[in-house]
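Comments concern the structure below.
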Amino acid sequence: MWKYIVKIILRYRLGVLMFIGFTTVFMAYEGSKVKMSYEMARMLPASDPASIEYDKFKKQFGQDGSVIFVAIQDPQLFSLQHFDDWYTISHKVHNIKGVQEVISVARVFTLVRNDSLKKLQFKNLVPHKPTTQRQVDSIKKVLYNLPLYEGRLFNKKANVSLMMITLDKEVINSKARIPLIEKIKETIDTYGKKYGIDIKYSGLPYIRTITSKLIQHELLLFVFLSLLISSILLFILFRSLKAVLFAMMVVIIAVIWMLGIIVLLGYKITILTGILPPLVIVIGVENSIFLLNKYLNEYRIHGNKVKALSRMISRIGNANLLTNSTTAAGFAAFIITSNRLLVEFGIVASINILIIYLLSLTILPIMFSFFPVPKAKHFRHFERGTITKIITKISYIVLNYRTTIYIVTALLFIGGIYGITLLKTTGNIVDDISKKDKLYTDLLFLEKNFKGVMPLEITVDTKKKNGILRLSTIRKLDQLQDTLALYPEFSKPLSVVEVVKSAKQAFYHGNPKMYSLPNNQEKNFILSYIPSMHSKKKNILSSFVDSTLRITRVSVQMANIGTNDIDRIVKSLRPKINEIFPPKKYAVHLTGTSIVFLKGTNYLVKNLFQSLFLAIIVITMLMSLIFSSARMIIISLIPNLIPQILTAGMMGYFGIPIKPSTILIFSIALGISVDNTIHFLSRYRLQLKLNDSKVRESVLAALMETGYSMIYSAIVLFFGFSIFILSSFGGTEALGYLVSFTLLVALFANLFILPSMLLTIDKRAITKWFREPLLEVFDEEEDIELDKLVIEELGNNAPHKTE
């Protein structure tokens, strides 16, 4: 088969290049339409009970997590000039298109009693901009006598005040969110600049917007860095501008194709697909290294350019097909997670890894076929140099110190196993933001002063029409809120209870001592002042109850705590809730972004473990195509599973938890690290045939031949993944140092442990275990008929035939 592939690539090289060129133009056109994703990642499948309950909640009460929280710590806020400026800014923000509502101390509402209508009405506490300090003092006095806002809108002790901005739900999940947030921030920042105050911003819409912008910025940064680092390393390794230029041509075309495929599949750029372009570049450069080394080494041996190109395609193309398949399998395993983000990531990554395999296999040989033969300096590293000395030293250690290698490996393995026992599984809603980033420090500020901004919702179904209007039900809700107040992670709850308490206070003309639930005597005439729910106009109750007055909500904000803490709180709350609301009479559900995140994280971690096991199984099956012996498959997996164990152990020692953003690292690293094993063992099997089954000679020959590419590719992969350490996202940063560490350990395992095991095992067993495989890799010693292959040298009008 490979004979025909070589003929097609080299004989029809212009046609192949034209096809690649036209396809690249088409993909560039499609890729120019690529869009960012602005929707919140959905980790649970739509059929999950928690997801169903959350969708039901949103249908009844609208989108939770649609509020931006802006905090200022200004002791002079209630001075005339400061207050007037805050008043102006509050109203400017409210007038911005896409903003539904703004609540601040300068734009706040209260209930007042209207005896002529016998109704309670909303009144703007600040109907116009104050003109005197006395007016501001009066506003402050009234505001501070409204218990509803204490701890929710302001913190008197810390002189901290909030502005809560509710956004249009249609804008939240669209690209219009970015200019809207920028306009809001630009407007509010004028206050901070004027008075030298650090404005704090938080809330899910703001956090999601900032992270989307960071993804865009980092996508461009990492593509540039990966191209730069790969180019520098390739030039240092090969001392050839042509090698660098052609390899960069391959990866740039691959990135263009990837962006086009994202659009053609109907996907958008997410936090995961955003890391794929630099990832594809690194993997593409790894492919190029094996192809370039083979071409240079072949030409060094026999000086025949066409023969070198044909073997470059057939020998490395064959092996790279399997190595890229295993890498693609590591990514494709994410498809079974049922998580849209990971499924898209797995599909796009696996497709493009196979595409870059085809691009490197065709473009590099074709481009080198047009140019003159390599010079002596281009393969000098095969004869003398640092890498040659390193490989020679490794060969010496493997031959003479195998026992030491096994002891060190065993100790590291035991240490890794112990580290795994220290691992913990957790995750936070705002988890991937750097702890040093202002986004994170602002979040901590709001948690300190208002307990947090992460939404948690509790819905209570009374199972009876107008059931919420019963005083007994309202008292139960008040009892539930008293229970919630016992948890320091929660802010003050907000529900129909606050409406009723505020109604009583308003009924008694704003007396703060009357902020409490009405007794049985007060109930009827106080509740009669509350506007009817059957009115079509939106009123005070509509945000808290459904149209039948059967279902109500209790809203609470919580700190950005881990899933373990959320789980602990939920398990602790459930029996207390059941005691207040007997399940036979009431249906109470905990929902909202926080609960969905908890369920989603647990679901995702479970599925990612399954995807990892699937990746191991698929990679094992692919290995069985070239190693028909089960024992050889096990031997091939050992050098790749040890790095996984050591990485997991390191996570345990350094307190890096198992969470969605870290567990996906193992499948990625396994798919990439197994490449070196395949190249080494495939070359080793060929050497067994050439050396009459002499194990020692075959191991050394395979190590010397593949060692260069293994070390070169490891260097590129290590530095290629290391650029992700610069990311502002914790998950991407972890991907950088954990995958780099895993691949570095895998390199040592393949250079020391794998050859040592082969030398230790009995010669007779080795020969028996390397039975004829289902798929031939490297074993085609015959070349294509070179006298029938005609390629034209660049700048030479006459065809060049190699005899």
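Letters A, B, ... go to the chains of the structure tokens in the order shown; residues in each chain start at 1; ligands are counted from 1 in the same order.
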Task: Long-range neighbours of stretch 452-455 of chain A as a list of chain:residue names, 8 Å cut-off, only C-alpha atoms, 2 positions minimum in chain - done: A:Asp64, A:Gly65, A:Phe69, A:Ser202, A:Gly203, A:Leu204, A:Leu443, A:Leu444, A:Leu446, A:Glu447, A:Lys448, A:Phe450, A:Glu457, A:Glu489, A:Phe490, A:Ser491, A:Ser555, A:Val556, A:Gln557, A:Met558, A:Ala559, A:Asn560, A:Gly592, A:Thr593, A:Ser594
Got time to write the residues from that selection, N, CA, C and O atoms, as an mmCIF file, in the first residue's frame?
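That gives us again.cif:
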data_model
loop_
_atom_site.group_PDB
_atom_site.id
_atom_site.type_symbol
_atom_site.label_atom_id
_atom_site.label_comp_id
_atom_site.auth_asym_id
_atom_site.auth_seq_id
_atom_site.Cartn_x
_atom_site.Cartn_y
_atom_site.Cartn_z
ATOM 1 N N ASP A 64 -31.353 32.861 36.564
ATOM 2 C CA ASP A 64 -30.579 33.290 37.726
ATOM 3 C C ASP A 64 -29.168 33.623 37.238
ATOM 4 O O ASP A 64 -28.798 33.293 36.123
ATOM 5 N N GLY A 65 -28.407 34.262 38.065
ATOM 6 C CA GLY A 65 -27.041 34.603 37.657
ATOM 7 C C GLY A 65 -26.993 35.641 36.542
ATOM 8 O O GLY A 65 -26.111 35.590 35.682
ATOM 9 N N PHE A 69 -22.565 42.618 40.126
ATOM 10 C CA PHE A 69 -22.413 43.275 41.421
ATOM 11 C C PHE A 69 -21.216 44.218 41.347
ATOM 12 O O PHE A 69 -20.101 43.807 41.023
ATOM 13 N N SER A 202 -18.087 42.016 40.046
ATOM 14 C CA SER A 202 -18.239 40.560 40.090
ATOM 15 C C SER A 202 -19.638 40.180 39.609
ATOM 16 O O SER A 202 -20.363 41.007 39.051
ATOM 17 N N GLY A 203 -19.996 38.922 39.829
ATOM 18 C CA GLY A 203 -21.255 38.401 39.299
ATOM 19 C C GLY A 203 -20.973 37.550 38.072
ATOM 20 O O GLY A 203 -20.031 37.821 37.314
ATOM 21 N N LEU A 204 -21.782 36.525 37.845
ATOM 22 C CA LEU A 204 -21.531 35.591 36.755
ATOM 23 C C LEU A 204 -21.463 36.252 35.377
ATOM 24 O O LEU A 204 -20.586 35.904 34.581
ATOM 25 N N LEU A 443 -13.826 39.225 43.691
ATOM 26 C CA LEU A 443 -14.774 38.211 44.170
ATOM 27 C C LEU A 443 -14.593 37.986 45.671
ATOM 28 O O LEU A 443 -15.574 37.910 46.433
ATOM 29 N N LEU A 444 -13.340 37.920 46.116
ATOM 30 C CA LEU A 444 -13.065 37.729 47.546
ATOM 31 C C LEU A 444 -13.559 38.927 48.361
ATOM 32 O O LEU A 444 -14.056 38.758 49.484
ATOM 33 N N LEU A 446 -16.140 40.848 47.713
ATOM 34 C CA LEU A 446 -17.592 40.742 47.844
ATOM 35 C C LEU A 446 -17.984 39.621 48.795
ATOM 36 O O LEU A 446 -18.972 39.733 49.533
ATOM 37 N N GLU A 447 -17.213 38.547 48.808
ATOM 38 C CA GLU A 447 -17.481 37.460 49.755
ATOM 39 C C GLU A 447 -17.257 37.934 51.186
ATOM 40 O O GLU A 447 -18.008 37.579 52.098
ATOM 41 N N LYS A 448 -16.234 38.740 51.377
ATOM 42 C CA LYS A 448 -15.918 39.235 52.718
ATOM 43 C C LYS A 448 -17.017 40.149 53.253
ATOM 44 O O LYS A 448 -17.376 40.089 54.439
ATOM 45 N N PHE A 450 -20.279 40.660 51.706
ATOM 46 C CA PHE A 450 -21.675 40.258 51.464
ATOM 47 C C PHE A 450 -21.854 38.750 51.344
ATOM 48 O O PHE A 450 -22.887 38.282 50.879
ATOM 49 N N GLU A 457 -30.738 28.661 44.627
ATOM 50 C CA GLU A 457 -32.186 28.840 44.680
ATOM 51 C C GLU A 457 -32.849 27.644 45.351
ATOM 52 O O GLU A 457 -32.440 26.500 45.136
ATOM 53 N N GLU A 489 -21.474 30.445 54.822
ATOM 54 C CA GLU A 489 -21.209 30.555 53.389
ATOM 55 C C GLU A 489 -22.319 31.302 52.646
ATOM 56 O O GLU A 489 -22.145 31.668 51.476
ATOM 57 N N PHE A 490 -23.468 31.510 53.301
ATOM 58 C CA PHE A 490 -24.631 32.104 52.653
ATOM 59 C C PHE A 490 -24.786 33.586 52.995
ATOM 60 O O PHE A 490 -24.545 34.001 54.124
ATOM 61 N N SER A 491 -25.264 34.343 52.017
ATOM 62 C CA SER A 491 -25.663 35.724 52.276
ATOM 63 C C SER A 491 -27.071 35.716 52.860
ATOM 64 O O SER A 491 -27.681 34.659 53.039
ATOM 65 N N SER A 555 -34.135 32.925 47.380
ATOM 66 C CA SER A 555 -32.862 33.189 46.697
ATOM 67 C C SER A 555 -31.791 33.542 47.710
ATOM 68 O O SER A 555 -32.029 34.331 48.630
ATOM 69 N N VAL A 556 -30.632 32.958 47.522
ATOM 70 C CA VAL A 556 -29.511 33.254 48.408
ATOM 71 C C VAL A 556 -28.243 33.275 47.569
ATOM 72 O O VAL A 556 -28.123 32.548 46.576
ATOM 73 N N GLN A 557 -27.334 34.146 47.935
ATOM 74 C CA GLN A 557 -26.018 34.172 47.288
ATOM 75 C C GLN A 557 -25.028 33.451 48.185
ATOM 76 O O GLN A 557 -25.133 33.511 49.408
ATOM 77 N N MET A 558 -24.096 32.759 47.573
ATOM 78 C CA MET A 558 -23.137 32.002 48.371
ATOM 79 C C MET A 558 -21.717 32.279 47.908
ATOM 80 O O MET A 558 -21.484 32.786 46.818
ATOM 81 N N ALA A 559 -20.780 31.928 48.777
ATOM 82 C CA ALA A 559 -19.366 32.121 48.468
ATOM 83 C C ALA A 559 -18.937 31.140 47.378
ATOM 84 O O ALA A 559 -19.614 30.149 47.104
ATOM 85 N N ASN A 560 -17.804 31.421 46.772
ATOM 86 C CA ASN A 560 -17.260 30.562 45.718
ATOM 87 C C ASN A 560 -16.549 29.363 46.352
ATOM 88 O O ASN A 560 -15.339 29.209 46.288
ATOM 89 N N GLY A 592 -30.529 26.163 40.960
ATOM 90 C CA GLY A 592 -29.700 27.337 40.698
ATOM 91 C C GLY A 592 -28.326 26.931 40.184
ATOM 92 O O GLY A 592 -27.958 25.755 40.167
ATOM 93 N N THR A 593 -27.552 27.917 39.778
ATOM 94 C CA THR A 593 -26.241 27.672 39.169
ATOM 95 C C THR A 593 -25.329 26.854 40.074
ATOM 96 O O THR A 593 -24.607 25.964 39.611
ATOM 97 N N SER A 594 -25.330 27.125 41.373
ATOM 98 C CA SER A 594 -24.424 26.436 42.303
ATOM 99 C C SER A 594 -24.719 24.940 42.370
ATOM 100 O O SER A 594 -23.802 24.109 42.334
#
Task: Who sits within 6 Å of stretch 195-201 of chain A, only C-alpha atoms, same chain under 3 positions skipped, as a PyMOL selection string - done: chain A and resi 69-72+192+442
Task: Residue nearest A:Tyr712 - candidates A:Val497, A:Ile387, A:Thr426, A:Ala158, atoms counted: only C-alpha atoms - done: A:Ile387
Open item on the list: Just want the 7 Å neighbourhood of A:Ala333, counted on only C-alpha atoms, with same-chain residues fewer than 4 positions away dropped. Output as an NGL selection string.
Closed with: :A and (329 or 346 or 611-612 or 614-615)
Write a file of the selected residues as a short mmCIF file (atom, residue, chain, number, x, y, z; two decimals), in the first residue's frame, keeping all heavy atoms.
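Result saved to part-v4.cif:
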data_model
loop_
_atom_site.label_atom_id
_atom_site.label_comp_id
_atom_site.auth_asym_id
_atom_site.auth_seq_id
_atom_site.Cartn_x
_atom_site.Cartn_y
_atom_site.Cartn_z
N ALA A 329 -7.11 9.16 19.68
CA ALA A 329 -7.96 8.34 20.56
C ALA A 329 -8.03 8.94 21.96
O ALA A 329 -9.09 8.91 22.61
CB ALA A 329 -7.42 6.91 20.63
N GLY A 346 -13.29 17.04 21.94
CA GLY A 346 -12.83 15.73 21.49
C GLY A 346 -12.96 15.54 19.99
O GLY A 346 -12.05 15.03 19.33
N SER A 611 -13.78 8.09 30.39
CA SER A 611 -13.12 8.40 29.11
C SER A 611 -11.65 8.05 29.16
O SER A 611 -11.06 7.63 28.15
CB SER A 611 -13.30 9.89 28.77
OG SER A 611 -12.52 10.71 29.61
N LEU A 612 -11.01 8.20 30.34
CA LEU A 612 -9.61 7.83 30.49
C LEU A 612 -9.43 6.33 30.31
O LEU A 612 -8.53 5.87 29.59
CB LEU A 612 -9.08 8.27 31.86
CG LEU A 612 -7.64 7.87 32.20
CD1 LEU A 612 -6.66 8.41 31.19
CD2 LEU A 612 -7.28 8.35 33.61
N LEU A 614 -11.46 4.39 28.72
CA LEU A 614 -11.74 4.10 27.32
C LEU A 614 -10.53 4.41 26.46
O LEU A 614 -10.20 3.64 25.53
CB LEU A 614 -12.94 4.92 26.85
CG LEU A 614 -13.32 4.77 25.37
CD1 LEU A 614 -13.74 3.34 25.06
CD2 LEU A 614 -14.44 5.74 24.99
N ALA A 615 -9.85 5.52 26.76
CA ALA A 615 -8.65 5.88 26.01
C ALA A 615 -7.58 4.80 26.14
O ALA A 615 -6.93 4.43 25.15
CB ALA A 615 -8.10 7.23 26.49
#
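Minimum distance to A:Arg113 across A:Pro755, A:Gly510, A:Gly652, A:Pro582 (counting only C-alpha atoms) occurs at A:Gly510.
Excluding A:Glu53 and any residue on its chain fewer than 6 positions from it, the residues at most 9 Å away by only C-alpha atoms are His589, Leu590, Thr591 and Gly592 of chain A.
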Selection from above, N, CA and C atoms, as a JSON list (two decimals), in the first residue's frame, can you write it?
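Now in result.json:
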[["chain", "number", "residue", "atom", "x", "y", "z"],
["A", 589, "HIS", "N", -37.10, 21.90, 46.32],
["A", 589, "HIS", "CA", -35.95, 21.56, 45.47],
["A", 589, "HIS", "C", -34.86, 22.60, 45.63],
["A", 590, "LEU", "N", -33.63, 22.13, 45.73],
["A", 590, "LEU", "CA", -32.47, 23.02, 45.70],
["A", 590, "LEU", "C", -31.97, 23.08, 44.26],
["A", 591, "THR", "N", -31.86, 24.27, 43.72],
["A", 591, "THR", "CA", -31.45, 24.41, 42.33],
["A", 591, "THR", "C", -30.63, 25.68, 42.16],
["A", 592, "GLY", "N", -30.53, 26.16, 40.96],
["A", 592, "GLY", "CA", -29.70, 27.34, 40.70],
["A", 592, "GLY", "C", -28.33, 26.93, 40.18]]
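Across the structure, atom CA of A:Ala106 and atom CA of A:Thr441 are spaced 25.6 Å apart.
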Per residue of stretch 200-281 of chain A within 12 Å of stretch 658-680 of chain A, what are the shortest atom pair and its distance in Å to one decimal, counting only C-alpha atoms, with rows by chain and residue number, as a tab-separated table?
residue	atom	partner	partner_atom	distance
A:Ile271	CA	A:Ser661	CA	10.4
A:Leu272	CA	A:Ser661	CA	9.4
A:Leu276	CA	A:Ile668	CA	11.7
A:Leu279	CA	A:Ile668	CA	10.4
A:Val280	CA	A:Ile672	CA	11.7
Please produce an output containing all heavy atoms for each residue in the selection, written as a compact mmCIF listing (two decimals), in the first residue's frame.
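Wrote out.txt, looks like this:
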# COMPACT_ATOMS: atom_id res chain seq x y z
N ILE A 271 -13.43 27.78 26.01
CA ILE A 271 -12.18 27.75 26.79
C ILE A 271 -11.35 26.52 26.45
O ILE A 271 -10.13 26.54 26.57
CB ILE A 271 -12.50 27.79 28.31
CG1 ILE A 271 -11.21 28.02 29.12
CG2 ILE A 271 -13.21 26.54 28.75
CD1 ILE A 271 -11.46 28.29 30.59
N LEU A 272 -11.99 25.44 25.97
CA LEU A 272 -11.26 24.23 25.60
C LEU A 272 -10.78 24.27 24.15
O LEU A 272 -9.60 24.03 23.88
CB LEU A 272 -12.14 22.99 25.83
CG LEU A 272 -12.35 22.58 27.28
CD1 LEU A 272 -13.26 21.36 27.37
CD2 LEU A 272 -11.03 22.27 27.97
N LEU A 276 -6.71 24.54 21.33
CA LEU A 276 -6.39 23.57 20.28
C LEU A 276 -5.38 24.08 19.24
O LEU A 276 -4.50 23.31 18.82
CB LEU A 276 -7.66 23.09 19.59
CG LEU A 276 -8.44 22.00 20.33
CD1 LEU A 276 -9.68 21.61 19.55
CD2 LEU A 276 -7.57 20.78 20.57
N LEU A 279 -2.00 23.57 20.47
CA LEU A 279 -1.84 22.13 20.67
C LEU A 279 -1.57 21.43 19.34
O LEU A 279 -0.69 20.56 19.24
CB LEU A 279 -3.12 21.57 21.31
CG LEU A 279 -3.01 20.27 22.10
CD1 LEU A 279 -2.07 20.43 23.27
CD2 LEU A 279 -4.39 19.85 22.58
N VAL A 280 -2.31 21.82 18.32
CA VAL A 280 -2.12 21.25 16.98
C VAL A 280 -0.73 21.61 16.45
O VAL A 280 -0.08 20.79 15.79
CB VAL A 280 -3.22 21.78 16.03
CG1 VAL A 280 -2.86 21.52 14.57
CG2 VAL A 280 -4.56 21.11 16.35
Task: Shell around A:Phe748 at 9 Å using only C-alpha atoms, local window under 5 positions removed, as a PyMOL selection string - done: chain A and resi 639+743+753
Would you mind exporting the chosen residues as a PDB file, in the first residue's frame, restricted to all heavy atoms?
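The file below, part-v4.pdb, is the result:
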ATOM      1  N   PRO A 639       5.743   1.840  30.323  1.00  0.00           N
ATOM      2  CA  PRO A 639       6.436   3.137  30.338  1.00  0.00           C
ATOM      3  C   PRO A 639       5.497   4.332  30.204  1.00  0.00           C
ATOM      4  O   PRO A 639       5.921   5.472  30.435  1.00  0.00           O
ATOM      5  CB  PRO A 639       7.364   3.059  29.107  1.00  0.00           C
ATOM      6  CG  PRO A 639       7.440   1.621  28.746  1.00  0.00           C
ATOM      7  CD  PRO A 639       6.133   1.032  29.149  1.00  0.00           C
ATOM      8  N   LEU A 743       4.987  14.182  30.095  1.00  0.00           N
ATOM      9  CA  LEU A 743       5.740  13.838  28.885  1.00  0.00           C
ATOM     10  C   LEU A 743       7.234  13.727  29.160  1.00  0.00           C
ATOM     11  O   LEU A 743       7.926  12.904  28.543  1.00  0.00           O
ATOM     12  CB  LEU A 743       5.477  14.884  27.799  1.00  0.00           C
ATOM     13  CG  LEU A 743       4.030  14.957  27.289  1.00  0.00           C
ATOM     14  CD1 LEU A 743       3.879  16.062  26.258  1.00  0.00           C
ATOM     15  CD2 LEU A 743       3.588  13.621  26.705  1.00  0.00           C
ATOM     16  N   ILE A 753      13.503   2.638  30.976  1.00  0.00           N
ATOM     17  CA  ILE A 753      12.752   1.473  31.455  1.00  0.00           C
ATOM     18  C   ILE A 753      12.435   0.495  30.326  1.00  0.00           C
ATOM     19  O   ILE A 753      12.635  -0.723  30.463  1.00  0.00           O
ATOM     20  CB  ILE A 753      11.455   1.918  32.154  1.00  0.00           C
ATOM     21  CG1 ILE A 753      11.777   2.809  33.354  1.00  0.00           C
ATOM     22  CG2 ILE A 753      10.642   0.705  32.603  1.00  0.00           C
ATOM     23  CD1 ILE A 753      10.547   3.428  34.000  1.00  0.00           C
TER      24      ILE A 753
END
TODO: Give the strand (DSSP E or B) residues of stretch 561-598 of chain A, as assigned by DSSP on the backbone, as a PyMOL selection string.
DONE: chain A and resi 562+587-591
Open item on the list: With DSSP run on the backbone, what are the helix (DSSP H, G or I) residues within stretch 312-522 of chain A? I'd like them as an MDAnalysis selection string.
Closed with: chainID A and resid 312:337 340:370 376:382 386:400 402:421 438:450 467:469 471:484 496:507 512:514 520:522
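Proximity of A:Val699, A:Leu625, A:Ile617, A:Ile390 to A:Gly330, computed with only C-alpha atoms, is greatest for A:Ile617.
The interatomic distance for the pair atom CA of A:Ile642 and atom CA of A:Leu758 works out to 16.7 Å.
Closest approach to A:Tyr418 among A:Tyr653, A:Met249, A:Phe290, A:Arg177 is made by A:Tyr653 (distances from only C-alpha atoms).
Taking atom CA of A:Ile172 as the reference point, atom CA of A:Ser37 is found at 11.2 Å.
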Task: Contacts of stretch 12-15 of chain A at 12 Å (only C-alpha atoms; same-chain gap of 4+ positions) as a list in words - done: Tyr4, Ile5, Val6, Lys7, Ile8, Phe19, Ile20, Gly21, Phe22, Leu361, Thr362, Ile363, Leu364, Pro365, Ile366, Met367, Phe368, Ser369, Phe370, Leu789, Val790, Ile791 and Glu792 of chain A
Open item on the list: At a cut-off of 8 Å, using only C-alpha atoms, what residues contact A:Gln121? Leave out same-chain residues fewer than 2 positions from it and give the result as number ranges by chain.
Closed with: A: 111-114, 119, 123
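Considering only C-alpha atoms, the residue among A:Val596, A:Ile530, A:Leu214, A:Ile68 positioned nearest to A:Ala503 is A:Ile530.
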